[in-house]
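With compact mmCIF, C-alpha atoms inside, this is entry-v2.txt:
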```
# COMPACT_ATOMS: atom_id res chain seq x y z
CA MET A 1 -162.36 7.46 -17.35
CA LEU A 2 -166.10 7.30 -18.10
CA GLU A 3 -168.15 5.97 -15.25
CA ALA A 4 -171.89 5.64 -14.83
CA SER A 5 -173.52 4.44 -11.69
CA ASN A 6 -177.08 3.52 -10.96
CA ILE A 7 -178.54 5.33 -13.99
CA GLU A 8 -182.28 5.41 -14.34
CA CYS A 9 -184.24 6.65 -17.33
CA VAL A 10 -187.89 7.65 -17.15
CA ARG A 11 -189.89 8.59 -20.24
CA GLY A 12 -193.31 9.94 -19.35
CA GLU A 13 -194.72 7.48 -16.80
CA ARG A 14 -192.58 4.53 -17.85
CA THR A 15 -189.22 3.56 -16.48
CA LEU A 16 -187.14 2.48 -19.46
CA PHE A 17 -184.23 1.15 -17.46
CA SER A 18 -182.76 1.49 -13.99
CA HIS A 19 -179.65 0.45 -12.07
CA VAL A 20 -177.42 0.69 -15.13
CA ASP A 21 -173.71 0.74 -14.24
CA PHE A 22 -170.68 0.68 -16.44
CA ARG A 23 -167.10 1.81 -16.50
CA LEU A 24 -165.03 2.51 -19.55
CA ASP A 25 -161.30 3.18 -19.78
CA GLY A 26 -158.97 4.25 -22.58
CA GLY A 27 -158.98 1.88 -25.55
CA GLU A 28 -162.30 0.32 -24.59
CA LEU A 29 -165.51 0.08 -26.53
CA LEU A 30 -168.95 -0.11 -24.98
CA ASP A 31 -171.45 -1.89 -27.17
CA LEU A 32 -174.99 -0.90 -26.18
CA GLN A 33 -177.53 -3.50 -27.15
CA GLY A 34 -181.26 -3.81 -26.77
CA GLY A 35 -184.44 -3.91 -28.81
CA ASN A 36 -186.24 -0.93 -30.29
CA GLY A 37 -187.42 1.42 -27.59
CA SER A 38 -185.20 -0.06 -24.91
CA GLY A 39 -183.56 3.30 -24.25
CA LYS A 40 -180.24 3.05 -26.09
CA THR A 41 -180.52 6.51 -27.60
CA SER A 42 -181.76 7.94 -24.29
CA LEU A 43 -178.73 6.53 -22.50
CA LEU A 44 -176.42 7.92 -25.17
CA ARG A 45 -178.00 11.37 -24.84
CA MET A 46 -177.50 11.19 -21.09
CA ILE A 47 -173.83 10.38 -21.57
CA CYS A 48 -173.58 13.42 -23.86
CA GLY A 49 -175.18 15.61 -21.25
CA LEU A 50 -178.10 16.54 -23.51
CA SER A 51 -180.57 15.12 -21.01
CA ALA A 52 -180.23 14.40 -17.34
CA PRO A 53 -180.79 10.93 -15.86
CA ALA A 54 -183.77 10.58 -13.51
CA ASN A 55 -181.41 8.99 -11.05
CA GLY A 56 -177.72 8.20 -10.76
CA GLU A 57 -174.64 10.00 -11.99
CA ILE A 58 -172.18 10.00 -14.87
CA ARG A 59 -168.56 10.91 -14.26
CA TRP A 60 -165.74 11.73 -16.66
CA ARG A 61 -162.22 11.49 -15.21
CA GLY A 62 -163.83 11.36 -11.80
CA GLU A 63 -165.87 14.56 -12.14
CA LEU A 64 -169.61 14.87 -12.73
CA ILE A 65 -170.20 15.70 -16.40
CA GLY A 66 -172.70 18.43 -15.52
CA LYS A 67 -169.99 20.23 -13.56
CA LEU A 68 -167.35 19.85 -16.26
CA GLY A 69 -169.59 21.43 -18.89
CA GLU A 70 -167.48 22.85 -21.71
CA ASP A 71 -164.36 20.94 -20.65
CA TYR A 72 -166.28 17.69 -21.08
CA ARG A 73 -167.87 18.73 -24.37
CA ARG A 74 -164.41 19.54 -25.72
CA GLU A 75 -163.49 15.85 -25.39
CA LEU A 76 -166.70 14.51 -26.84
CA CYS A 77 -167.81 13.65 -30.33
CA PHE A 78 -171.47 12.74 -30.74
CA LEU A 79 -173.08 11.39 -33.85
CA GLY A 80 -176.82 10.97 -33.50
CA HIS A 81 -179.65 9.50 -35.53
CA HIS A 82 -179.77 12.66 -37.57
CA ASN A 83 -176.83 13.40 -39.78
CA ALA A 84 -176.58 17.07 -38.74
CA ILE A 85 -175.72 18.07 -42.28
CA LYS A 86 -177.34 20.86 -44.27
CA GLU A 87 -179.05 19.79 -47.48
CA GLU A 88 -178.28 23.13 -49.15
CA LEU A 89 -174.55 22.93 -48.53
CA THR A 90 -172.05 20.70 -50.29
CA PRO A 91 -170.27 17.88 -48.40
CA LEU A 92 -167.10 19.99 -48.29
CA GLU A 93 -168.92 23.05 -46.87
CA ASN A 94 -170.73 20.87 -44.35
CA LEU A 95 -167.53 19.32 -43.11
CA LEU A 96 -165.72 22.66 -42.82
CA ALA A 97 -168.69 24.34 -41.13
CA SER A 98 -169.13 21.59 -38.54
CA ALA A 99 -165.41 21.63 -37.75
CA LYS A 100 -165.52 25.39 -37.23
CA LEU A 101 -168.56 25.20 -34.97
CA ALA A 102 -166.89 22.46 -32.94
CA ASP A 103 -163.85 24.75 -32.57
CA GLU A 104 -161.54 22.44 -34.49
CA ILE A 105 -158.93 23.33 -37.07
CA LEU A 106 -159.55 21.66 -40.39
CA ASP A 107 -158.28 23.01 -43.69
CA ALA A 108 -159.86 22.37 -47.06
CA GLY A 109 -157.17 19.85 -48.03
CA GLU A 110 -157.76 17.69 -44.97
CA ALA A 111 -161.52 17.90 -45.50
CA LEU A 112 -161.15 16.78 -49.12
CA ASP A 113 -158.96 13.87 -48.03
CA ALA A 114 -161.55 12.85 -45.44
CA LEU A 115 -164.30 12.90 -48.06
CA GLU A 116 -162.17 10.82 -50.36
CA ILE A 117 -161.59 8.27 -47.62
CA VAL A 118 -165.32 7.84 -47.02
CA GLY A 119 -165.82 7.39 -50.76
CA LEU A 120 -167.26 10.76 -51.74
CA ALA A 121 -164.53 11.82 -54.15
CA GLY A 122 -166.12 13.72 -57.03
CA ARG A 123 -169.20 14.59 -54.97
CA GLU A 124 -167.64 17.24 -52.75
CA ASP A 125 -169.18 20.12 -54.72
CA LEU A 126 -172.68 18.68 -55.07
CA ALA A 127 -175.38 20.00 -52.73
CA CYS A 128 -176.18 17.30 -50.17
CA ARG A 129 -179.85 17.12 -51.15
CA TYR A 130 -178.78 15.36 -54.37
CA LEU A 131 -177.00 12.64 -52.43
CA SER A 132 -178.50 9.28 -51.46
CA GLN A 133 -179.29 8.40 -47.85
CA GLY A 134 -176.12 6.34 -47.54
CA GLN A 135 -173.98 9.09 -49.04
CA LYS A 136 -175.43 11.62 -46.58
CA ARG A 137 -174.51 9.27 -43.76
CA ARG A 138 -171.01 9.10 -45.19
CA VAL A 139 -170.78 12.89 -45.13
CA ALA A 140 -171.71 12.85 -41.45
CA LEU A 141 -169.21 10.08 -40.73
CA ALA A 142 -166.41 11.87 -42.59
CA ARG A 143 -166.04 13.93 -39.40
CA LEU A 144 -164.59 10.85 -37.70
CA VAL A 145 -161.61 10.66 -40.07
CA ASN A 146 -159.84 13.62 -38.45
CA GLU A 147 -161.55 13.40 -35.08
CA ARG A 148 -159.04 13.20 -32.22
CA ARG A 149 -161.37 13.76 -29.30
CA ALA A 150 -161.19 11.12 -26.59
CA LEU A 151 -164.80 9.98 -26.35
CA TRP A 152 -166.87 8.98 -29.37
CA LEU A 153 -170.60 8.45 -28.90
CA LEU A 154 -172.13 6.93 -32.00
CA ASP A 155 -175.84 6.23 -32.33
CA GLU A 156 -176.40 3.58 -34.98
CA PRO A 157 -173.50 4.67 -37.16
CA TYR A 158 -174.04 1.89 -39.69
CA VAL A 159 -177.60 2.79 -40.68
CA ALA A 160 -178.00 3.12 -44.48
CA LEU A 161 -174.37 2.22 -45.16
CA ASP A 162 -173.23 -0.50 -47.56
CA ALA A 163 -170.90 -3.32 -46.50
CA ALA A 164 -167.73 -1.55 -47.63
CA ALA A 165 -168.62 1.61 -45.71
CA VAL A 166 -169.48 -0.37 -42.57
CA GLU A 167 -166.05 -1.98 -42.80
CA LEU A 168 -164.45 1.44 -43.17
CA ILE A 169 -166.23 2.95 -40.17
CA ALA A 170 -165.40 -0.10 -38.05
CA GLY A 171 -161.78 0.49 -39.07
CA LEU A 172 -161.95 4.16 -38.00
CA ILE A 173 -163.41 3.19 -34.63
CA GLY A 174 -160.72 0.50 -34.22
CA ALA A 175 -157.95 3.02 -34.95
CA HIS A 176 -159.49 5.44 -32.46
CA LEU A 177 -159.47 2.75 -29.76
CA GLN A 178 -155.87 1.86 -30.54
CA ARG A 179 -154.92 5.51 -29.99
CA GLY A 180 -156.34 5.09 -26.51
CA GLY A 181 -159.74 6.62 -27.20
CA LEU A 182 -163.09 5.51 -25.82
CA ALA A 183 -166.22 4.75 -27.80
CA VAL A 184 -169.83 4.02 -26.99
CA LEU A 185 -171.80 2.48 -29.81
CA THR A 186 -175.38 1.43 -30.36
CA THR A 187 -176.05 -0.93 -33.21
CA HIS A 188 -178.26 -3.80 -34.31
CA GLN A 189 -175.56 -5.26 -36.52
CA THR A 190 -172.68 -7.38 -35.32
CA VAL A 191 -169.59 -5.76 -36.73
CA ASN A 192 -166.11 -6.85 -35.85
CA ILE A 193 -164.07 -4.02 -34.41
CA VAL A 194 -160.45 -4.65 -33.64
CA ALA A 195 -160.14 -3.28 -30.15
CA GLY A 196 -158.42 -3.93 -26.87
CA SER A 197 -161.61 -4.82 -25.14
CA VAL A 198 -165.28 -4.69 -25.97
CA ARG A 199 -167.77 -4.42 -23.15
CA GLN A 200 -171.37 -5.19 -23.77
CA LEU A 201 -174.35 -3.70 -22.04
CA ARG A 202 -177.81 -5.01 -22.69
CA LEU A 203 -180.81 -2.81 -21.92
CA ASN A 204 -184.25 -4.35 -21.51
CA MET B 1 -165.30 33.69 -29.37
CA LEU B 2 -165.53 36.12 -32.27
CA ASN B 3 -164.47 33.32 -34.59
CA LEU B 4 -167.41 31.24 -33.45
CA ILE B 5 -169.91 34.06 -33.98
CA ARG B 6 -168.38 34.75 -37.39
CA ALA B 7 -168.60 31.05 -38.32
CA ILE B 8 -172.29 30.90 -37.35
CA ILE B 9 -173.12 34.09 -39.24
CA SER B 10 -171.32 33.01 -42.40
CA ARG B 11 -172.98 29.58 -42.31
CA ASP B 12 -176.47 31.03 -41.78
CA LEU B 13 -175.99 33.69 -44.45
CA ARG B 14 -174.84 31.07 -46.93
CA LEU B 15 -177.89 28.94 -46.12
CA ALA B 16 -180.20 31.94 -46.50
CA LEU B 17 -178.71 32.74 -49.90
CA ARG B 18 -179.19 29.12 -51.04
CA ARG B 19 -182.91 29.32 -50.29
CA ARG B 20 -183.74 32.85 -51.26
CA ALA B 21 -187.49 32.18 -51.43
CA ASP B 22 -187.90 32.56 -47.65
CA LEU B 23 -185.98 35.79 -47.57
CA VAL B 24 -187.83 37.31 -50.49
CA SER B 25 -191.31 36.27 -49.32
CA ALA B 26 -190.97 38.14 -46.01
CA LEU B 27 -189.78 41.24 -47.88
CA PHE B 28 -192.66 41.08 -50.36
CA PHE B 29 -195.08 40.65 -47.47
CA PHE B 30 -193.70 43.89 -46.02
CA ILE B 31 -193.95 45.74 -49.34
CA ILE B 32 -197.52 44.57 -50.04
CA VAL B 33 -198.91 45.24 -46.56
CA VAL B 34 -197.42 48.74 -46.48
CA SER B 35 -198.63 49.51 -50.01
CA LEU B 36 -202.19 48.38 -49.30
CA PHE B 37 -202.79 51.19 -46.82
CA PRO B 38 -202.53 54.19 -49.19
CA LEU B 39 -204.77 52.26 -51.59
CA GLY B 40 -207.29 51.46 -48.87
CA VAL B 41 -207.57 54.76 -46.99
CA GLY B 42 -207.35 57.06 -50.00
CA PRO B 43 -204.84 59.67 -51.14
CA GLU B 44 -205.14 62.29 -48.41
CA PRO B 45 -201.59 63.38 -47.54
CA GLU B 46 -202.57 64.61 -44.09
CA LEU B 47 -204.08 61.27 -43.06
CA LEU B 48 -201.31 59.22 -44.67
CA ARG B 49 -198.60 61.14 -42.86
CA LYS B 50 -200.38 60.41 -39.59
CA LEU B 51 -200.76 56.71 -40.38
CA ALA B 52 -197.28 56.15 -41.76
CA PRO B 53 -195.21 55.49 -38.58
CA GLY B 54 -197.63 52.95 -37.17
CA VAL B 55 -198.27 51.18 -40.47
CA LEU B 56 -194.61 50.85 -41.39
CA TRP B 57 -193.60 49.66 -37.95
CA VAL B 58 -196.45 47.16 -37.58
CA ALA B 59 -195.69 45.76 -41.04
CA ALA B 60 -191.99 45.44 -40.18
CA LEU B 61 -192.92 43.64 -36.98
CA LEU B 62 -195.18 41.16 -38.77
CA ALA B 63 -192.62 40.56 -41.50
CA THR B 64 -190.03 39.72 -38.83
CA LEU B 65 -192.52 37.38 -37.20
CA LEU B 66 -192.95 35.51 -40.50
CA SER B 67 -189.31 34.46 -40.60
CA LEU B 68 -188.99 33.59 -36.91
CA PRO B 69 -190.37 30.01 -36.81
CA ARG B 70 -187.53 28.81 -39.02
CA LEU B 71 -184.82 30.39 -36.88
CA PHE B 72 -184.16 27.13 -35.01
CA ALA B 73 -186.61 24.69 -36.62
CA ASP B 74 -184.33 23.59 -39.47
CA ASP B 75 -181.35 23.08 -37.18
CA HIS B 76 -183.60 21.15 -34.80
CA ARG B 77 -184.93 18.86 -37.52
CA ASP B 78 -181.63 17.86 -39.06
CA GLY B 79 -179.78 17.38 -35.79
CA THR B 80 -177.49 20.40 -36.14
CA LEU B 81 -178.94 21.94 -32.99
CA GLU B 82 -177.74 18.97 -30.93
CA GLN B 83 -174.26 19.48 -32.33
CA LEU B 84 -174.42 23.20 -31.51
CA ALA B 85 -175.54 22.40 -27.97
CA LEU B 86 -172.58 20.03 -27.63
CA ALA B 87 -170.05 22.51 -29.00
CA PRO B 88 -167.37 23.45 -26.48
CA GLN B 89 -168.57 27.06 -26.31
CA PRO B 90 -171.52 28.64 -24.50
CA LEU B 91 -174.74 28.03 -26.41
CA GLY B 92 -175.67 31.67 -25.73
CA LEU B 93 -172.85 32.85 -28.01
CA ILE B 94 -174.06 30.56 -30.77
CA VAL B 95 -177.56 31.98 -30.35
CA LEU B 96 -176.12 35.50 -30.51
CA GLY B 97 -174.56 34.60 -33.86
CA LYS B 98 -177.84 33.22 -35.10
CA VAL B 99 -179.72 36.34 -33.96
CA LEU B 100 -177.25 38.59 -35.79
CA ALA B 101 -177.54 36.44 -38.93
CA HIS B 102 -181.34 36.60 -38.69
CA TRP B 103 -181.17 40.37 -38.46
CA LEU B 104 -178.90 40.57 -41.50
CA VAL B 105 -181.39 38.66 -43.66
CA SER B 106 -184.63 40.08 -42.23
CA GLY B 107 -184.17 43.33 -40.27
CA LEU B 108 -181.54 44.97 -42.47
CA PRO B 109 -183.43 44.55 -45.78
CA LEU B 110 -186.58 45.92 -44.08
CA THR B 111 -184.61 48.93 -42.89
CA LEU B 112 -183.28 49.59 -46.39
CA LEU B 113 -186.71 49.23 -48.00
CA ALA B 114 -188.70 51.26 -45.50
CA PRO B 115 -187.65 54.78 -46.64
CA VAL B 116 -188.62 53.93 -50.22
CA LEU B 117 -192.03 52.73 -49.08
CA GLY B 118 -192.34 55.76 -46.79
CA ILE B 119 -192.49 58.01 -49.85
CA GLN B 120 -195.96 56.60 -50.54
CA PHE B 121 -197.08 58.20 -47.28
CA ASP B 122 -195.75 61.64 -48.18
CA LEU B 123 -193.19 61.60 -45.36
CA SER B 124 -190.67 64.42 -45.27
CA GLY B 125 -186.98 63.77 -45.85
CA GLU B 126 -186.19 64.07 -42.17
CA ALA B 127 -188.99 61.72 -41.17
CA LEU B 128 -187.69 59.16 -43.68
CA TRP B 129 -184.24 59.32 -42.09
CA VAL B 130 -185.69 58.86 -38.63
CA LEU B 131 -187.80 55.95 -39.92
CA ALA B 132 -184.76 54.21 -41.36
CA PHE B 133 -182.69 54.87 -38.25
CA SER B 134 -185.42 53.70 -35.87
CA LEU B 135 -185.74 50.45 -37.84
CA LEU B 136 -181.96 50.07 -37.93
CA ILE B 137 -181.73 50.05 -34.15
CA GLY B 138 -185.18 48.57 -33.50
CA THR B 139 -185.13 45.47 -35.70
CA PRO B 140 -182.16 43.82 -33.89
CA ALA B 141 -184.30 43.95 -30.74
CA LEU B 142 -187.11 42.25 -32.67
CA SER B 143 -184.74 39.44 -33.75
CA GLY B 144 -183.36 39.01 -30.22
CA ILE B 145 -186.72 38.97 -28.43
CA GLY B 146 -188.21 36.80 -31.17
CA ALA B 147 -185.46 34.22 -30.68
CA ILE B 148 -186.74 33.55 -27.14
CA GLY B 149 -190.21 32.82 -28.52
CA ALA B 150 -188.83 30.70 -31.36
CA ALA B 151 -186.84 28.61 -28.87
CA LEU B 152 -189.77 28.20 -26.48
CA THR B 153 -192.11 27.01 -29.25
CA LEU B 154 -189.55 24.72 -30.87
CA GLY B 155 -191.04 21.34 -31.69
CA VAL B 156 -194.54 22.41 -30.57
CA ARG B 157 -197.41 21.50 -32.88
CA GLY B 158 -198.95 24.67 -34.31
CA GLY B 159 -196.01 26.57 -32.89
CA GLY B 160 -196.41 29.43 -35.38
CA VAL B 161 -199.60 30.81 -33.81
CA LEU B 162 -198.28 30.26 -30.31
CA LEU B 163 -195.11 32.08 -31.30
CA SER B 164 -197.13 35.14 -32.39
CA LEU B 165 -199.16 35.13 -29.18
CA LEU B 166 -195.98 34.87 -27.14
CA VAL B 167 -193.81 37.36 -28.99
CA LEU B 168 -196.19 40.11 -30.14
CA PRO B 169 -196.91 41.41 -26.62
CA LEU B 170 -193.16 41.59 -25.99
CA TYR B 171 -192.78 43.66 -29.16
CA ILE B 172 -195.13 46.38 -27.85
CA PRO B 173 -192.44 48.58 -26.24
CA VAL B 174 -190.30 48.43 -29.36
CA LEU B 175 -193.33 49.33 -31.48
CA ILE B 176 -194.32 52.24 -29.24
CA PHE B 177 -190.91 53.87 -29.24
CA GLY B 178 -190.10 52.99 -32.85
CA ALA B 179 -193.33 54.42 -34.23
CA GLY B 180 -193.15 57.21 -31.63
CA ALA B 181 -189.78 58.33 -32.96
CA VAL B 182 -191.10 58.65 -36.51
CA ASP B 183 -194.26 60.34 -35.25
CA ALA B 184 -192.19 62.89 -33.38
CA ALA B 185 -190.20 63.59 -36.53
CA VAL B 186 -193.40 64.00 -38.58
CA ILE B 187 -194.86 66.64 -36.26
CA GLY B 188 -191.49 68.36 -35.93
CA LEU B 189 -190.48 67.35 -32.40
CA GLY B 190 -187.11 65.81 -31.66
CA ALA B 191 -186.98 62.04 -31.94
CA GLN B 192 -183.91 61.67 -29.79
CA ALA B 193 -185.59 60.50 -26.59
CA HIS B 194 -187.48 57.75 -28.41
CA LEU B 195 -184.38 56.67 -30.28
CA SER B 196 -182.31 56.48 -27.08
CA LEU B 197 -184.86 54.18 -25.48
CA LEU B 198 -185.02 52.11 -28.65
CA GLY B 199 -181.22 51.81 -28.57
CA ALA B 200 -181.37 50.57 -24.98
CA MET B 201 -183.94 47.95 -26.00
CA MET B 202 -181.74 46.89 -28.87
CA LEU B 203 -178.78 46.31 -26.56
CA GLY B 204 -180.99 44.39 -24.13
CA GLY B 205 -182.60 42.35 -26.87
CA VAL B 206 -179.37 41.42 -28.62
CA PHE B 207 -177.08 40.81 -25.67
CA PHE B 208 -179.41 39.50 -22.95
CA ALA B 209 -182.02 37.58 -24.92
CA PRO B 210 -179.55 34.91 -26.19
CA TRP B 211 -179.10 33.49 -22.68
CA PRO B 212 -182.76 32.69 -21.92
CA THR B 213 -182.99 31.50 -25.53
CA ALA B 214 -180.11 29.08 -24.93
CA ALA B 215 -181.83 27.78 -21.78
CA ALA B 216 -185.07 27.26 -23.72
CA LEU B 217 -183.18 25.40 -26.46
CA ARG B 218 -181.62 23.04 -23.93
CA ILE B 219 -185.10 22.26 -22.59
CA ALA B 220 -186.37 21.64 -26.13
CA LEU B 221 -183.51 19.22 -26.77
CA GLU B 222 -184.08 17.17 -23.64
```

How does this structure look as structure tokens?
Amino acid sequence: MLEASNIECVRGERTLFSHVDFRLDGGELLDLQGGNGSGKTSLLRMICGLSAPANGEIRWRGELIGKLGEDYRRELCFLGHHNAIKEELTPLENLLASAKLADEILDAGEALDALEIVGLAGREDLACRYLSQGQKRRVALARLVNERRALWLLDEPYVALDAAAVELIAGLIGAHLQRGGLAVLTTHQTVNIVAGSVRQLRLN
Amino acid sequence: MLNLIRAIISRDLRLALRRRADLVSALFFFIIVVSLFPLGVGPEPELLRKLAPGVLWVAALLATLLSLPRLFADDHRDGTLEQLALAPQPLGLIVLGKVLAHWLVSGLPLTLLAPVLGIQFDLSGEALWVLAFSLLIGTPALSGIGAIGAALTLGVRGGGVLLSLLVLPLYIPVLIFGAGAVDAAVIGLGAQAHLSLLGAMMLGGVFFAPWPTAAALRIALE
């Protein structure tokens, strides 16, 4: 379903990586590994379509992602380094607003349930600037609870999370893969995800 | 489509209300700058009436400029802009929503305040109406054109000054016809021609500017 061939990434004058190929089908997880600055985030942003590779092409269901445009973005869920939550809004408002902007239907009850699952019960009406770093990350990750899009792209999802939350997120990703979804993950931690198959790609 | 624009506007309005300081500081800037002129040039009604259109319009323009750098900067910093760019709708529509929300918190309050401040310049009742109306249709153009500059200078060090240098020249036509309309009303000529041109600029600024803005945002995100 997701295919990349001969990808090259150039930052300034330096070539970060070249000749990167991979193929990912339903129920599979791609684990991107590599040291700091090896281009994991850059590759993830290319898969999103936020930046274009210097060379090579990325295809989704056989079509170039640049051509698919909105049809591709409709099947994509990206969670970057930044949490994309507003400090002034409460976790509940953040979750509802991001669902609306992503053109998804989410009612307040479902949003409250999602926040409870990620362990934010009792905090849903507190402005996010009063939350800790880990709690903010949980707000961002609460999106995944009701996320049914096919392709999840997660950039270091476990940063700032405690052991229980890491376990929970790994469980959400596992359930997504069992539904036949795809996921691409960058992480420095080894976390066990129950999945049909895990492919590893090492950038250096 | 309308749902998306409504969602953006309601989110941005809610954010603006949660940090009222930004909103209020631009308005106070407008009030102070406009009020300094009668104090500085002296209380001659004839002179003040002549100065009024230009002073009020230039002050409105600068007050709009004050709030522009933050139009996309906050969304850029916290990663929301990436999410907006990845939303399954055209980014131009999202920008249109943001432009309308910006107008609601900056242009509309300026429009409502201007007639009150115009009294300081001894403007007639009719001139005050024309002033308010010219700002009502002129300030959306300022928000729309300003969005292009805000997107182009996103993430640039010292972007605020660059933004002014980029956007102020583009504001000249709006200024000429906006102030011209009030001027025409002051000396008793019809303001309709000026207002029609201003209306055309408003439509251009609001409905065409979002697309180059969206392109500039995609470049900034790369």

**Message:** I'd like to know which of B:Ile137, B:Gln192, B:Ala60, B:Ala7 is closest to B:Leu84, using only C-alpha atoms.
**Reply:**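 Selected residue with least distance to B:Leu84: B:Ala7.
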
**Request:** Could you list, as a list in words, the residues of chain B having an atom within 6 Å of chain A when counting all atoms listed in the file?
**Result:**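 Close to chain A, chain B has Asp78, Gly79, Thr80, Leu86, Ala87, Pro88 and Glu222 of chain B.
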
**Prompt:** Skipping near chain neighbours, those fewer than 2 positions away, what residues fall within 10 Å of B:Ile219 using all atoms listed in the file, listed as a PyMOL selection string?
**Reply:** (chain A and resi 50-51) or (chain B and resi 151-152+154+213-217+221-222)

**Request:** May I have the residues within 10 Å of stretch 134-145 of chain A as a PyMOL selection string, using all atoms listed in the file and disregarding those fewer than 3 positions away in the same chain?
**Result:** chain A and resi 77-87+90-92+94-96+98-99+110-120+123-124+128-131+148-149+152+154+157-162+165-166+169+172-173+175-176

Starting from 6 Å padding per side, set up an axis-aligned box that covers all listed atoms of stretch 73-78 of chain B and hand over centre and edge lengths in Å, one decimal, as lines of an AutoDock Vina configuration file.
```
center_x = -184.0
center_y = 21.3
center_z = -37.1
size_x = 17.3
size_y = 18.8
size_z = 16.7
```

**Asked** What's the 10 Å shell around B:Arg20, counting only C-alpha atoms, without same-chain residues fewer than 5 positions away, as JSON, numbers by chain?
**Response** {"B": [15, 25, 105]}

Those same residues, written as a PDB file, keeping the file's coordinate frame with C-alpha atoms?
```
ATOM      1  CA  LEU B  15    -177.890  28.940 -46.120  1.00  0.00           C
ATOM      2  CA  SER B  25    -191.310  36.270 -49.320  1.00  0.00           C
ATOM      3  CA  VAL B 105    -181.390  38.660 -43.660  1.00  0.00           C
TER       4      VAL B 105
END
```

**Request:** Considering all atoms listed in the file, return as an MDAnalysis selection string whatever protein or nucleic-acid residues lie within 10 Å of A:Glu28, sequence-local ones (same chain, fewer than 6 positions apart) excluded.
**Result:** chainID A and resid 174 176:178 180:184 195:199

**Item:** Interatomic distance, atom CA of B:Ala209 to atom CA of B:Leu170 (Å, one decimal)
**Value:**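 Rounded to one decimal, the two atoms are 11.9 Å apart.
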
**Message:** Set the distance at 9 Å and use only C-alpha atoms: which residues neighbour B:Val186 once local chain neighbours fewer than 2 positions away are removed? I'd like the list as a list in words.
**Reply:**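 Once the nearby chain positions are removed, what remains is Arg49, Lys50, Pro53, Leu123, Ser124, Glu126, Ala127, Ala181, Val182, Asp183, Ala184, Gly188 and Leu189 of chain B.
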
**Prompt:** For the atom pair atom CA of B:Leu165 and atom CA of B:Val95, what is the interatomic distance in Å to one decimal place?
**Reply:**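 Going from atom CA of B:Leu165 over to atom CA of B:Val95, I get 21.9 Å.
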
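Within 10 Å of the point (-191.4, 40.5, -47.6) in file coordinates, and counting all atoms listed in the file, lie the residues B:Ala21, B:Asp22, B:Leu23, B:Val24, B:Ser25, B:Ala26, B:Leu27, B:Phe28, B:Phe29, B:Phe30, B:Ile31, B:Ile32, B:Val33, B:Ala59, B:Ala60, B:Leu62, B:Ala63, B:Thr64, B:Leu66, B:Ser67, B:Ser106, B:Pro109, B:Leu110, B:Leu113.
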
**Message:** Between A:Arg61, A:Leu44, A:Leu201, A:Ser132, which residue has the minimum interatomic distance to A:Asp21, considering only C-alpha atoms?
**Reply:** A:Leu201

**Message:** Could you tell me how far atom CA of B:Asp75 sits from atom CA of A:Leu126, in Å to one decimal place?
**Reply:**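 Rounded to one decimal, the two atoms are 20.4 Å apart.
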
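Across A:Thr187, A:Asn192, A:Ala121, A:Ala150, the tightest approach to A:Thr41 is made by A:Thr187 when counting all atoms listed in the file.
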